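Everything below belongs to data.txt, which stores compact mmCIF, N, CA and C atoms.
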```txt
# COMPACT_ATOMS: atom_id res chain seq x y z
N MET A 634 126.54 128.33 104.87
CA MET A 634 127.96 128.10 105.04
C MET A 634 128.70 129.37 104.61
N SER A 635 129.60 129.83 105.46
CA SER A 635 130.33 131.05 105.15
C SER A 635 131.73 130.75 104.62
N LYS A 636 132.26 131.74 103.92
CA LYS A 636 133.61 131.60 103.37
C LYS A 636 134.62 131.57 104.50
N LYS A 637 135.62 130.72 104.35
CA LYS A 637 136.71 130.66 105.31
C LYS A 637 137.92 131.27 104.63
N LYS A 638 138.13 132.56 104.94
CA LYS A 638 139.22 133.27 104.28
C LYS A 638 139.64 134.45 105.12
N ASN A 639 140.82 134.95 104.84
CA ASN A 639 141.31 136.21 105.38
C ASN A 639 141.60 137.12 104.19
N THR A 640 141.15 138.36 104.29
CA THR A 640 141.39 139.34 103.24
C THR A 640 142.27 140.44 103.80
N TYR A 641 143.39 140.68 103.13
CA TYR A 641 144.38 141.66 103.57
C TYR A 641 144.44 142.81 102.57
N SER A 642 144.48 144.04 103.10
CA SER A 642 144.75 145.22 102.28
C SER A 642 146.18 145.65 102.60
N ILE A 643 146.95 145.86 101.57
CA ILE A 643 148.38 146.12 101.68
C ILE A 643 148.69 147.57 101.35
N LYS A 644 149.67 148.14 102.05
CA LYS A 644 150.18 149.47 101.73
C LYS A 644 151.59 149.30 101.18
N PHE A 645 151.85 149.91 100.03
CA PHE A 645 153.17 149.83 99.42
C PHE A 645 153.94 151.11 99.66
N ALA A 646 155.20 150.94 100.04
CA ALA A 646 156.09 152.07 100.29
C ALA A 646 156.85 152.39 99.01
N HIS A 647 157.07 153.65 98.78
CA HIS A 647 157.76 154.08 97.56
C HIS A 647 159.24 153.73 97.57
N MET A 648 159.84 153.67 98.73
CA MET A 648 161.28 153.51 98.80
C MET A 648 161.74 152.08 99.06
N VAL A 649 160.83 151.12 99.02
CA VAL A 649 161.21 149.73 99.26
C VAL A 649 161.63 149.09 97.94
N ASN A 650 162.75 148.39 97.97
CA ASN A 650 163.22 147.66 96.80
C ASN A 650 162.80 146.20 96.99
N TYR A 651 161.64 145.84 96.44
CA TYR A 651 161.11 144.49 96.62
C TYR A 651 161.99 143.42 95.98
N ALA A 652 162.81 143.81 95.01
CA ALA A 652 163.71 142.84 94.36
C ALA A 652 164.69 142.23 95.36
N MET A 653 164.90 142.88 96.50
CA MET A 653 165.79 142.33 97.54
C MET A 653 165.31 140.97 98.04
N PHE A 654 164.03 140.70 97.91
CA PHE A 654 163.43 139.48 98.45
C PHE A 654 163.29 138.37 97.41
N GLU A 655 163.91 138.56 96.25
CA GLU A 655 163.77 137.62 95.14
C GLU A 655 164.20 136.20 95.50
N LEU A 656 165.23 136.04 96.29
CA LEU A 656 165.71 134.70 96.65
C LEU A 656 165.13 134.20 97.98
N CYS A 657 164.23 134.95 98.56
CA CYS A 657 163.61 134.58 99.84
C CYS A 657 162.33 133.80 99.60
N SER A 658 161.91 133.05 100.58
CA SER A 658 160.66 132.30 100.46
C SER A 658 159.44 133.18 100.68
N ALA A 659 159.64 134.36 101.26
CA ALA A 659 158.53 135.26 101.54
C ALA A 659 158.99 136.71 101.41
N THR A 660 158.02 137.61 101.23
CA THR A 660 158.28 139.03 101.18
C THR A 660 157.44 139.70 102.26
N PRO A 661 158.06 140.56 103.08
CA PRO A 661 157.28 141.27 104.10
C PRO A 661 156.49 142.42 103.47
N LEU A 662 155.20 142.48 103.77
CA LEU A 662 154.34 143.54 103.27
C LEU A 662 153.60 144.18 104.44
N VAL A 663 153.28 145.45 104.31
CA VAL A 663 152.57 146.18 105.36
C VAL A 663 151.07 145.96 105.20
N VAL A 664 150.44 145.32 106.18
CA VAL A 664 148.99 145.09 106.17
C VAL A 664 148.32 146.26 106.89
N VAL A 665 147.41 146.94 106.20
CA VAL A 665 146.69 148.06 106.82
C VAL A 665 145.27 147.66 107.24
N LYS A 666 144.74 146.58 106.64
CA LYS A 666 143.44 146.05 107.03
C LYS A 666 143.47 144.54 106.92
N LYS A 667 142.85 143.87 107.89
CA LYS A 667 142.65 142.43 107.80
C LYS A 667 141.18 142.17 108.08
N ASN A 668 140.53 141.56 107.10
CA ASN A 668 139.09 141.26 107.19
C ASN A 668 138.28 142.51 107.53
N GLY A 669 138.68 143.65 106.96
CA GLY A 669 137.95 144.90 107.14
C GLY A 669 138.32 145.68 108.39
N THR A 670 139.13 145.11 109.27
CA THR A 670 139.54 145.78 110.49
C THR A 670 140.88 146.47 110.26
N VAL A 671 140.94 147.76 110.57
CA VAL A 671 142.17 148.52 110.40
C VAL A 671 143.22 148.03 111.39
N ILE A 672 144.42 147.80 110.88
CA ILE A 672 145.56 147.40 111.71
C ILE A 672 146.27 148.67 112.14
N LYS A 673 146.28 148.92 113.42
CA LYS A 673 146.89 150.15 113.94
C LYS A 673 148.41 150.05 113.85
N GLN A 674 149.00 151.03 113.21
CA GLN A 674 150.46 151.13 113.09
C GLN A 674 150.96 152.10 114.14
N THR A 675 152.03 151.74 114.81
CA THR A 675 152.60 152.61 115.84
C THR A 675 154.04 152.94 115.46
N GLY A 676 154.23 154.11 114.87
CA GLY A 676 155.58 154.51 114.48
C GLY A 676 156.04 153.79 113.23
N TRP A 677 156.83 152.72 113.41
CA TRP A 677 157.32 151.93 112.29
C TRP A 677 156.22 151.04 111.75
N ASP A 678 156.23 150.85 110.43
CA ASP A 678 155.25 149.93 109.84
C ASP A 678 155.55 148.51 110.28
N VAL A 679 154.51 147.79 110.66
CA VAL A 679 154.63 146.38 111.02
C VAL A 679 154.31 145.57 109.77
N THR A 680 155.15 144.59 109.47
CA THR A 680 154.95 143.80 108.25
C THR A 680 154.51 142.38 108.57
N THR A 681 153.92 141.75 107.57
CA THR A 681 153.54 140.34 107.61
C THR A 681 154.20 139.69 106.40
N GLU A 682 154.77 138.52 106.60
CA GLU A 682 155.41 137.83 105.48
C GLU A 682 154.37 137.06 104.67
N PHE A 683 154.41 137.25 103.36
CA PHE A 683 153.55 136.53 102.43
C PHE A 683 154.45 135.74 101.48
N PRO A 684 153.98 134.58 101.02
CA PRO A 684 154.83 133.71 100.21
C PRO A 684 155.17 134.28 98.84
N ASN A 685 156.40 133.99 98.43
CA ASN A 685 156.87 134.31 97.08
C ASN A 685 156.58 133.12 96.17
N PRO A 686 156.42 133.33 94.90
CA PRO A 686 156.66 134.56 94.15
C PRO A 686 155.48 135.53 94.12
N GLY A 687 154.31 135.17 94.66
CA GLY A 687 153.14 136.04 94.60
C GLY A 687 153.36 137.40 95.23
N ALA A 688 153.91 137.41 96.45
CA ALA A 688 154.13 138.68 97.16
C ALA A 688 155.20 139.52 96.47
N LEU A 689 156.23 138.85 95.99
CA LEU A 689 157.31 139.55 95.28
C LEU A 689 156.78 140.23 94.02
N GLU A 690 156.03 139.50 93.21
CA GLU A 690 155.44 140.07 91.99
C GLU A 690 154.52 141.24 92.33
N MET A 691 153.74 141.07 93.38
CA MET A 691 152.80 142.12 93.78
C MET A 691 153.55 143.40 94.13
N GLY A 692 154.62 143.27 94.91
CA GLY A 692 155.40 144.44 95.29
C GLY A 692 156.14 145.08 94.13
N MET A 693 156.73 144.26 93.29
CA MET A 693 157.53 144.78 92.18
C MET A 693 156.68 145.43 91.09
N HIS A 694 155.45 144.95 90.91
CA HIS A 694 154.61 145.43 89.81
C HIS A 694 153.41 146.24 90.28
N PHE A 695 153.46 146.73 91.52
CA PHE A 695 152.31 147.44 92.07
C PHE A 695 151.88 148.64 91.23
N LYS A 696 152.82 149.50 90.87
CA LYS A 696 152.45 150.74 90.16
C LYS A 696 151.73 150.47 88.84
N PRO A 697 152.28 149.64 87.94
CA PRO A 697 151.54 149.39 86.70
C PRO A 697 150.23 148.63 86.94
N LEU A 698 150.23 147.72 87.91
CA LEU A 698 148.99 146.99 88.21
C LEU A 698 147.91 147.93 88.68
N LYS A 699 148.27 148.85 89.56
CA LYS A 699 147.30 149.82 90.10
C LYS A 699 146.67 150.62 88.97
N ASP A 700 147.48 151.02 88.00
CA ASP A 700 146.97 151.80 86.87
C ASP A 700 146.03 150.99 85.99
N HIS A 701 146.26 149.68 85.88
CA HIS A 701 145.47 148.85 84.97
C HIS A 701 144.28 148.16 85.61
N ILE A 702 144.42 147.67 86.82
CA ILE A 702 143.31 146.91 87.43
C ILE A 702 142.69 147.62 88.63
N GLY A 703 143.19 148.78 88.98
CA GLY A 703 142.64 149.54 90.09
C GLY A 703 143.38 149.27 91.39
N GLU A 704 143.40 150.28 92.25
CA GLU A 704 144.17 150.19 93.48
C GLU A 704 143.63 149.11 94.42
N LYS A 705 142.32 148.98 94.51
CA LYS A 705 141.76 147.99 95.45
C LYS A 705 142.22 146.57 95.11
N MET A 706 142.10 146.19 93.86
CA MET A 706 142.50 144.84 93.47
C MET A 706 144.02 144.68 93.53
N ALA A 707 144.76 145.73 93.22
CA ALA A 707 146.22 145.66 93.22
C ALA A 707 146.81 145.59 94.62
N THR A 708 146.01 145.92 95.64
CA THR A 708 146.50 145.91 97.02
C THR A 708 145.82 144.86 97.89
N THR A 709 145.12 143.93 97.27
CA THR A 709 144.37 142.92 98.04
C THR A 709 144.97 141.54 97.90
N ILE A 710 145.13 140.87 99.04
CA ILE A 710 145.56 139.47 99.10
C ILE A 710 144.45 138.71 99.82
N ILE A 711 144.05 137.57 99.25
CA ILE A 711 143.03 136.74 99.90
C ILE A 711 143.62 135.38 100.20
N GLU A 712 143.51 135.00 101.46
CA GLU A 712 144.04 133.72 101.93
C GLU A 712 142.85 132.82 102.26
N TYR A 713 142.72 131.71 101.52
CA TYR A 713 141.62 130.78 101.74
C TYR A 713 142.07 129.68 102.70
N LEU A 714 141.20 129.35 103.66
CA LEU A 714 141.57 128.47 104.76
C LEU A 714 140.95 127.09 104.65
N ASP A 715 141.66 126.10 105.18
CA ASP A 715 141.19 124.72 105.24
C ASP A 715 139.89 124.66 106.03
N LYS A 716 138.89 123.97 105.50
CA LYS A 716 137.58 123.92 106.14
C LYS A 716 137.60 123.23 107.50
N GLU A 717 138.63 122.42 107.77
CA GLU A 717 138.69 121.71 109.04
C GLU A 717 139.75 122.27 109.99
N THR A 718 140.89 122.68 109.47
CA THR A 718 142.00 123.09 110.34
C THR A 718 142.23 124.60 110.39
N ASN A 719 141.59 125.35 109.50
CA ASN A 719 141.78 126.81 109.37
C ASN A 719 143.20 127.20 108.97
N ARG A 720 143.98 126.25 108.49
CA ARG A 720 145.32 126.56 107.96
C ARG A 720 145.18 127.11 106.54
N PRO A 721 146.10 127.98 106.11
CA PRO A 721 146.04 128.50 104.74
C PRO A 721 146.22 127.38 103.71
N VAL A 722 145.32 127.34 102.75
CA VAL A 722 145.37 126.36 101.65
C VAL A 722 145.93 127.03 100.41
N VAL A 723 145.33 128.13 100.01
CA VAL A 723 145.79 128.91 98.86
C VAL A 723 145.76 130.39 99.22
N THR A 724 146.69 131.13 98.63
CA THR A 724 146.72 132.58 98.79
C THR A 724 146.64 133.18 97.40
N LEU A 725 145.65 134.05 97.21
CA LEU A 725 145.42 134.68 95.91
C LEU A 725 145.96 136.10 95.93
N PHE A 726 146.91 136.35 95.05
CA PHE A 726 147.48 137.68 94.85
C PHE A 726 146.86 138.26 93.58
N PRO A 727 147.10 139.53 93.28
CA PRO A 727 146.50 140.10 92.07
C PRO A 727 146.80 139.32 90.79
N THR A 728 148.01 138.75 90.68
CA THR A 728 148.36 138.04 89.45
C THR A 728 148.89 136.63 89.69
N TYR A 729 148.69 136.10 90.89
CA TYR A 729 149.32 134.81 91.20
C TYR A 729 148.49 134.05 92.23
N LEU A 730 148.38 132.74 92.05
CA LEU A 730 147.73 131.86 93.01
C LEU A 730 148.80 130.97 93.63
N TYR A 731 149.01 131.13 94.92
CA TYR A 731 150.02 130.34 95.63
C TYR A 731 149.32 129.21 96.38
N ILE A 732 149.74 127.98 96.11
CA ILE A 732 149.18 126.81 96.80
C ILE A 732 150.17 126.41 97.89
N HIS A 733 149.70 126.39 99.12
CA HIS A 733 150.57 126.10 100.27
C HIS A 733 150.97 124.63 100.31
N ASP A 734 152.12 124.37 100.93
CA ASP A 734 152.67 123.02 101.05
C ASP A 734 151.64 122.05 101.61
N GLY A 735 151.57 120.87 100.98
CA GLY A 735 150.66 119.83 101.42
C GLY A 735 149.31 119.85 100.75
N TYR A 736 149.02 120.91 100.00
CA TYR A 736 147.72 121.04 99.35
C TYR A 736 147.81 121.02 97.82
N ASP A 737 149.01 120.81 97.28
CA ASP A 737 149.22 120.96 95.85
C ASP A 737 148.44 119.98 94.98
N LYS A 738 148.11 118.81 95.48
CA LYS A 738 147.42 117.83 94.64
C LYS A 738 145.91 118.02 94.61
N ASN A 739 145.33 118.47 95.70
CA ASN A 739 143.86 118.52 95.76
C ASN A 739 143.37 119.67 96.64
N PHE A 740 143.89 120.86 96.41
CA PHE A 740 143.55 121.97 97.29
C PHE A 740 142.06 122.27 97.33
N HIS A 741 141.34 122.07 96.22
CA HIS A 741 139.90 122.35 96.19
C HIS A 741 139.13 121.53 97.23
N MET A 742 139.58 120.33 97.49
CA MET A 742 138.88 119.46 98.44
C MET A 742 138.98 119.97 99.88
N HIS A 743 139.93 120.83 100.15
CA HIS A 743 140.13 121.34 101.51
C HIS A 743 139.38 122.65 101.76
N LEU A 744 138.72 123.18 100.72
CA LEU A 744 137.94 124.40 100.86
C LEU A 744 136.46 124.06 100.95
N ASN A 745 135.71 124.82 101.75
CA ASN A 745 134.27 124.59 101.76
C ASN A 745 133.66 125.14 100.47
N HIS A 746 132.39 124.83 100.26
CA HIS A 746 131.72 125.21 99.00
C HIS A 746 131.76 126.72 98.78
N ALA A 747 131.47 127.51 99.82
CA ALA A 747 131.44 128.96 99.68
C ALA A 747 132.83 129.51 99.32
N SER A 748 133.87 128.94 99.91
CA SER A 748 135.23 129.38 99.61
C SER A 748 135.63 129.01 98.19
N ARG A 749 135.29 127.80 97.75
CA ARG A 749 135.60 127.41 96.36
C ARG A 749 134.93 128.34 95.37
N LYS A 750 133.67 128.65 95.64
CA LYS A 750 132.91 129.53 94.75
C LYS A 750 133.52 130.93 94.75
N ASP A 751 133.89 131.45 95.92
CA ASP A 751 134.49 132.77 96.01
C ASP A 751 135.85 132.80 95.32
N LEU A 752 136.65 131.77 95.50
CA LEU A 752 137.96 131.70 94.85
C LEU A 752 137.80 131.78 93.34
N GLN A 753 136.88 131.02 92.79
CA GLN A 753 136.66 131.04 91.34
C GLN A 753 136.21 132.43 90.88
N TYR A 754 135.33 133.06 91.65
CA TYR A 754 134.86 134.40 91.33
C TYR A 754 136.02 135.40 91.33
N GLN A 755 136.87 135.34 92.35
CA GLN A 755 138.00 136.26 92.47
C GLN A 755 139.01 136.05 91.33
N ILE A 756 139.27 134.80 90.97
CA ILE A 756 140.18 134.51 89.85
C ILE A 756 139.61 135.09 88.56
N THR A 757 138.32 134.89 88.34
CA THR A 757 137.66 135.40 87.13
C THR A 757 137.74 136.93 87.08
N MET A 758 137.51 137.60 88.21
CA MET A 758 137.62 139.07 88.25
C MET A 758 139.01 139.52 87.85
N ARG A 759 140.02 138.86 88.37
CA ARG A 759 141.40 139.25 88.07
C ARG A 759 141.74 138.99 86.60
N ARG A 760 141.32 137.84 86.10
CA ARG A 760 141.57 137.53 84.68
C ARG A 760 140.91 138.56 83.77
N ASN A 761 139.67 138.90 84.08
CA ASN A 761 138.95 139.88 83.26
C ASN A 761 139.62 141.25 83.30
N ALA A 762 140.06 141.67 84.49
CA ALA A 762 140.72 142.97 84.62
C ALA A 762 142.04 142.98 83.85
N LEU A 763 142.79 141.89 83.95
CA LEU A 763 144.07 141.82 83.22
C LEU A 763 143.84 141.74 81.71
N ALA A 764 142.80 141.02 81.29
CA ALA A 764 142.50 140.92 79.87
C ALA A 764 142.11 142.29 79.30
N GLN A 765 141.37 143.07 80.07
CA GLN A 765 140.97 144.41 79.61
C GLN A 765 142.19 145.31 79.44
N CYS A 766 143.15 145.18 80.36
CA CYS A 766 144.32 146.06 80.23
C CYS A 766 145.20 145.63 79.05
N LYS A 767 145.17 144.37 78.67
CA LYS A 767 145.93 143.91 77.51
C LYS A 767 145.31 144.41 76.20
N GLN A 768 143.98 144.65 76.23
CA GLN A 768 143.29 145.11 75.02
C GLN A 768 143.49 146.58 74.76
N ARG A 769 143.97 147.31 75.75
CA ARG A 769 144.15 148.77 75.59
C ARG A 769 145.32 149.10 74.72
```

Conversion result in structure tokens:
Amino acid sequence: MSKKKNTYSIKFAHMVNYAMFELCSATPLVVVKKNGTVIKQTGWDVTTEFPNPGALEMGMHFKPLKDHIGEKMATTIIEYLDKETNRPVVTLFPTYLYIHDGYDKNFHMHLNHASRKDLQYQITMRRNALAQCKQR
């Protein structure tokens, strides 16, 4: 059984004021890779909306996060999908787990075994990285 997820690599712009999206339900972010495939940009950056507060925190705290947990983890978003419908169940940001509408009571039951195991592994990696930066 394979994991049902989408992995996004994000590019952060220096001149974007992410605080502008504080009252919005989502923040637009530039995806440069999805599931390992490079997203071709033509002229203007094309954005994808990701749910707040996870996306907002990611954008606002990118620089210090990158220094503490590494650029790869600080620029990665993982979206875990429903085992039957392929709809997003949870989205994991570097410091936030967003549970999508309709899954808040029992989101684990909607993930297959491989996805549940991967989600736990990814959460543990992030906790460990954040704990190490707090000890410095």

Identify, with DSSP run on backbone atoms, the residues in region 686-735 of chain A assigned to strand (DSSP E or B), and express the list as a PyMOL selection string. chain A and resi 709-714+721-725+730-732

Residues of the last selection are to be written out with N, CA and C atoms, as a PDB file, in the frame of the given file.
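Now in selection_16.pdb:
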```pdb
ATOM      1  N   THR A 709     145.120 143.930  97.270  1.00  0.00           N
ATOM      2  CA  THR A 709     144.370 142.920  98.040  1.00  0.00           C
ATOM      3  C   THR A 709     144.970 141.540  97.900  1.00  0.00           C
ATOM      4  N   ILE A 710     145.130 140.870  99.040  1.00  0.00           N
ATOM      5  CA  ILE A 710     145.560 139.470  99.100  1.00  0.00           C
ATOM      6  C   ILE A 710     144.450 138.710  99.820  1.00  0.00           C
ATOM      7  N   ILE A 711     144.050 137.570  99.250  1.00  0.00           N
ATOM      8  CA  ILE A 711     143.030 136.740  99.900  1.00  0.00           C
ATOM      9  C   ILE A 711     143.620 135.380 100.200  1.00  0.00           C
ATOM     10  N   GLU A 712     143.510 135.000 101.460  1.00  0.00           N
ATOM     11  CA  GLU A 712     144.040 133.720 101.930  1.00  0.00           C
ATOM     12  C   GLU A 712     142.850 132.820 102.260  1.00  0.00           C
ATOM     13  N   TYR A 713     142.720 131.710 101.520  1.00  0.00           N
ATOM     14  CA  TYR A 713     141.620 130.780 101.740  1.00  0.00           C
ATOM     15  C   TYR A 713     142.070 129.680 102.700  1.00  0.00           C
ATOM     16  N   LEU A 714     141.200 129.350 103.660  1.00  0.00           N
ATOM     17  CA  LEU A 714     141.570 128.470 104.760  1.00  0.00           C
ATOM     18  C   LEU A 714     140.950 127.090 104.650  1.00  0.00           C
ATOM     19  N   PRO A 721     146.100 127.980 106.110  1.00  0.00           N
ATOM     20  CA  PRO A 721     146.040 128.500 104.740  1.00  0.00           C
ATOM     21  C   PRO A 721     146.220 127.380 103.710  1.00  0.00           C
ATOM     22  N   VAL A 722     145.320 127.340 102.750  1.00  0.00           N
ATOM     23  CA  VAL A 722     145.370 126.360 101.650  1.00  0.00           C
ATOM     24  C   VAL A 722     145.930 127.030 100.410  1.00  0.00           C
ATOM     25  N   VAL A 723     145.330 128.130 100.010  1.00  0.00           N
ATOM     26  CA  VAL A 723     145.790 128.910  98.860  1.00  0.00           C
ATOM     27  C   VAL A 723     145.760 130.390  99.220  1.00  0.00           C
ATOM     28  N   THR A 724     146.690 131.130  98.630  1.00  0.00           N
ATOM     29  CA  THR A 724     146.720 132.580  98.790  1.00  0.00           C
ATOM     30  C   THR A 724     146.640 133.180  97.400  1.00  0.00           C
ATOM     31  N   LEU A 725     145.650 134.050  97.210  1.00  0.00           N
ATOM     32  CA  LEU A 725     145.420 134.680  95.910  1.00  0.00           C
ATOM     33  C   LEU A 725     145.960 136.100  95.930  1.00  0.00           C
ATOM     34  N   LEU A 730     148.380 132.740  92.050  1.00  0.00           N
ATOM     35  CA  LEU A 730     147.730 131.860  93.010  1.00  0.00           C
ATOM     36  C   LEU A 730     148.800 130.970  93.630  1.00  0.00           C
ATOM     37  N   TYR A 731     149.010 131.130  94.920  1.00  0.00           N
ATOM     38  CA  TYR A 731     150.020 130.340  95.630  1.00  0.00           C
ATOM     39  C   TYR A 731     149.320 129.210  96.380  1.00  0.00           C
ATOM     40  N   ILE A 732     149.740 127.980  96.110  1.00  0.00           N
ATOM     41  CA  ILE A 732     149.180 126.810  96.800  1.00  0.00           C
ATOM     42  C   ILE A 732     150.170 126.410  97.890  1.00  0.00           C
TER      43      ILE A 732
END
```

Do a neighbour search on region 683-685 of chain A at 5 Å with all atoms listed in the file, toss out local chain neighbours closer than 3 positions, and write the hits as a VMD selection string. chain A and resid 658 to 661 688 to 689

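Once Lys705 (chain A) and its same-chain neighbours fewer than 5 positions away are set aside, A:Ser642, A:Lys699, A:Ile710 remain within 8 Å of it when counting only N, CA and C atoms.
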
Select, from A:Lys636, A:Thr675, A:Leu656, A:Glu704, the residue with the minimum atom-to-atom distance to Arg749 (chain A), counting all atoms listed in the file. A:Lys636

DSSP on the backbone, alpha helix (DSSP H) only: what residues of chain A does that give? Format it as a PyMOL selection string. chain A and resi 687-693+695-702+704-707+746-768

Dump as a CSV table (one decimal), in the coordinates of the input, selection limited to N, CA and C atoms:
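Final output, out18.csv:
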```csv
chain,number,residue,atom,x,y,z
A,687,GLY,N,154.3,135.2,94.7
A,687,GLY,CA,153.1,136.0,94.6
A,687,GLY,C,153.4,137.4,95.2
A,688,ALA,N,153.9,137.4,96.4
A,688,ALA,CA,154.1,138.7,97.2
A,688,ALA,C,155.2,139.5,96.5
A,689,LEU,N,156.2,138.8,96.0
A,689,LEU,CA,157.3,139.6,95.3
A,689,LEU,C,156.8,140.2,94.0
A,690,GLU,N,156.0,139.5,93.2
A,690,GLU,CA,155.4,140.1,92.0
A,690,GLU,C,154.5,141.2,92.3
A,691,MET,N,153.7,141.1,93.4
A,691,MET,CA,152.8,142.1,93.8
A,691,MET,C,153.6,143.4,94.1
A,692,GLY,N,154.6,143.3,94.9
A,692,GLY,CA,155.4,144.4,95.3
A,692,GLY,C,156.1,145.1,94.1
A,693,MET,N,156.7,144.3,93.3
A,693,MET,CA,157.5,144.8,92.2
A,693,MET,C,156.7,145.4,91.1
A,695,PHE,N,153.5,146.7,91.5
A,695,PHE,CA,152.3,147.4,92.1
A,695,PHE,C,151.9,148.6,91.2
A,696,LYS,N,152.8,149.5,90.9
A,696,LYS,CA,152.4,150.7,90.2
A,696,LYS,C,151.7,150.5,88.8
A,697,PRO,N,152.3,149.6,87.9
A,697,PRO,CA,151.5,149.4,86.7
A,697,PRO,C,150.2,148.6,86.9
A,698,LEU,N,150.2,147.7,87.9
A,698,LEU,CA,149.0,147.0,88.2
A,698,LEU,C,147.9,147.9,88.7
A,699,LYS,N,148.3,148.8,89.6
A,699,LYS,CA,147.3,149.8,90.1
A,699,LYS,C,146.7,150.6,89.0
A,700,ASP,N,147.5,151.0,88.0
A,700,ASP,CA,147.0,151.8,86.9
A,700,ASP,C,146.0,151.0,86.0
A,701,HIS,N,146.3,149.7,85.9
A,701,HIS,CA,145.5,148.8,85.0
A,701,HIS,C,144.3,148.2,85.6
A,702,ILE,N,144.4,147.7,86.8
A,702,ILE,CA,143.3,146.9,87.4
A,702,ILE,C,142.7,147.6,88.6
A,704,GLU,N,143.4,150.3,92.2
A,704,GLU,CA,144.2,150.2,93.5
A,704,GLU,C,143.6,149.1,94.4
A,705,LYS,N,142.3,149.0,94.5
A,705,LYS,CA,141.8,148.0,95.4
A,705,LYS,C,142.2,146.6,95.1
A,706,MET,N,142.1,146.2,93.9
A,706,MET,CA,142.5,144.8,93.5
A,706,MET,C,144.0,144.7,93.5
A,707,ALA,N,144.8,145.7,93.2
A,707,ALA,CA,146.2,145.7,93.2
A,707,ALA,C,146.8,145.6,94.6
A,746,HIS,N,132.4,124.8,100.3
A,746,HIS,CA,131.7,125.2,99.0
A,746,HIS,C,131.8,126.7,98.8
A,747,ALA,N,131.5,127.5,99.8
A,747,ALA,CA,131.4,129.0,99.7
A,747,ALA,C,132.8,129.5,99.3
A,748,SER,N,133.9,128.9,99.9
A,748,SER,CA,135.2,129.4,99.6
A,748,SER,C,135.6,129.0,98.2
A,749,ARG,N,135.3,127.8,97.8
A,749,ARG,CA,135.6,127.4,96.4
A,749,ARG,C,134.9,128.3,95.4
A,750,LYS,N,133.7,128.6,95.6
A,750,LYS,CA,132.9,129.5,94.8
A,750,LYS,C,133.5,130.9,94.8
A,751,ASP,N,133.9,131.4,95.9
A,751,ASP,CA,134.5,132.8,96.0
A,751,ASP,C,135.8,132.8,95.3
A,752,LEU,N,136.6,131.8,95.5
A,752,LEU,CA,138.0,131.7,94.8
A,752,LEU,C,137.8,131.8,93.3
A,753,GLN,N,136.9,131.0,92.8
A,753,GLN,CA,136.7,131.0,91.3
A,753,GLN,C,136.2,132.4,90.9
A,754,TYR,N,135.3,133.1,91.6
A,754,TYR,CA,134.9,134.4,91.3
A,754,TYR,C,136.0,135.4,91.3
A,755,GLN,N,136.9,135.3,92.4
A,755,GLN,CA,138.0,136.3,92.5
A,755,GLN,C,139.0,136.0,91.3
A,756,ILE,N,139.3,134.8,91.0
A,756,ILE,CA,140.2,134.5,89.8
A,756,ILE,C,139.6,135.1,88.6
A,757,THR,N,138.3,134.9,88.3
A,757,THR,CA,137.7,135.4,87.1
A,757,THR,C,137.7,136.9,87.1
A,758,MET,N,137.5,137.6,88.2
A,758,MET,CA,137.6,139.1,88.2
A,758,MET,C,139.0,139.5,87.8
A,759,ARG,N,140.0,138.9,88.4
A,759,ARG,CA,141.4,139.2,88.1
A,759,ARG,C,141.7,139.0,86.6
A,760,ARG,N,141.3,137.8,86.1
A,760,ARG,CA,141.6,137.5,84.7
A,760,ARG,C,140.9,138.6,83.8
A,761,ASN,N,139.7,138.9,84.1
A,761,ASN,CA,139.0,139.9,83.3
A,761,ASN,C,139.6,141.2,83.3
A,762,ALA,N,140.1,141.7,84.5
A,762,ALA,CA,140.7,143.0,84.6
A,762,ALA,C,142.0,143.0,83.8
A,763,LEU,N,142.8,141.9,84.0
A,763,LEU,CA,144.1,141.8,83.2
A,763,LEU,C,143.8,141.7,81.7
A,764,ALA,N,142.8,141.0,81.3
A,764,ALA,CA,142.5,140.9,79.9
A,764,ALA,C,142.1,142.3,79.3
A,765,GLN,N,141.4,143.1,80.1
A,765,GLN,CA,141.0,144.4,79.6
A,765,GLN,C,142.2,145.3,79.4
A,766,CYS,N,143.2,145.2,80.4
A,766,CYS,CA,144.3,146.1,80.2
A,766,CYS,C,145.2,145.6,79.0
A,767,LYS,N,145.2,144.4,78.7
A,767,LYS,CA,145.9,143.9,77.5
A,767,LYS,C,145.3,144.4,76.2
A,768,GLN,N,144.0,144.6,76.2
A,768,GLN,CA,143.3,145.1,75.0
A,768,GLN,C,143.5,146.6,74.8
```

One decimal place gives the CA of Pro721 (chain A)-atom N of Ala652 (chain A) separation as 24.7 Å

May I have the protein, DNA and RNA residues with an atom at most 8 Å from (159.0, 148.9, 96.8), counting all atoms listed in the file in the file's coordinates, returned as number ranges by chain? A: 645-652, 692-695

Counting only C-alpha atoms, find residues at most 8 Å from (139.2, 123.8, 101.1) (file frame) and give them as an NGL selection string. :A and (713-716 or 722 or 740-746 or 748-749)
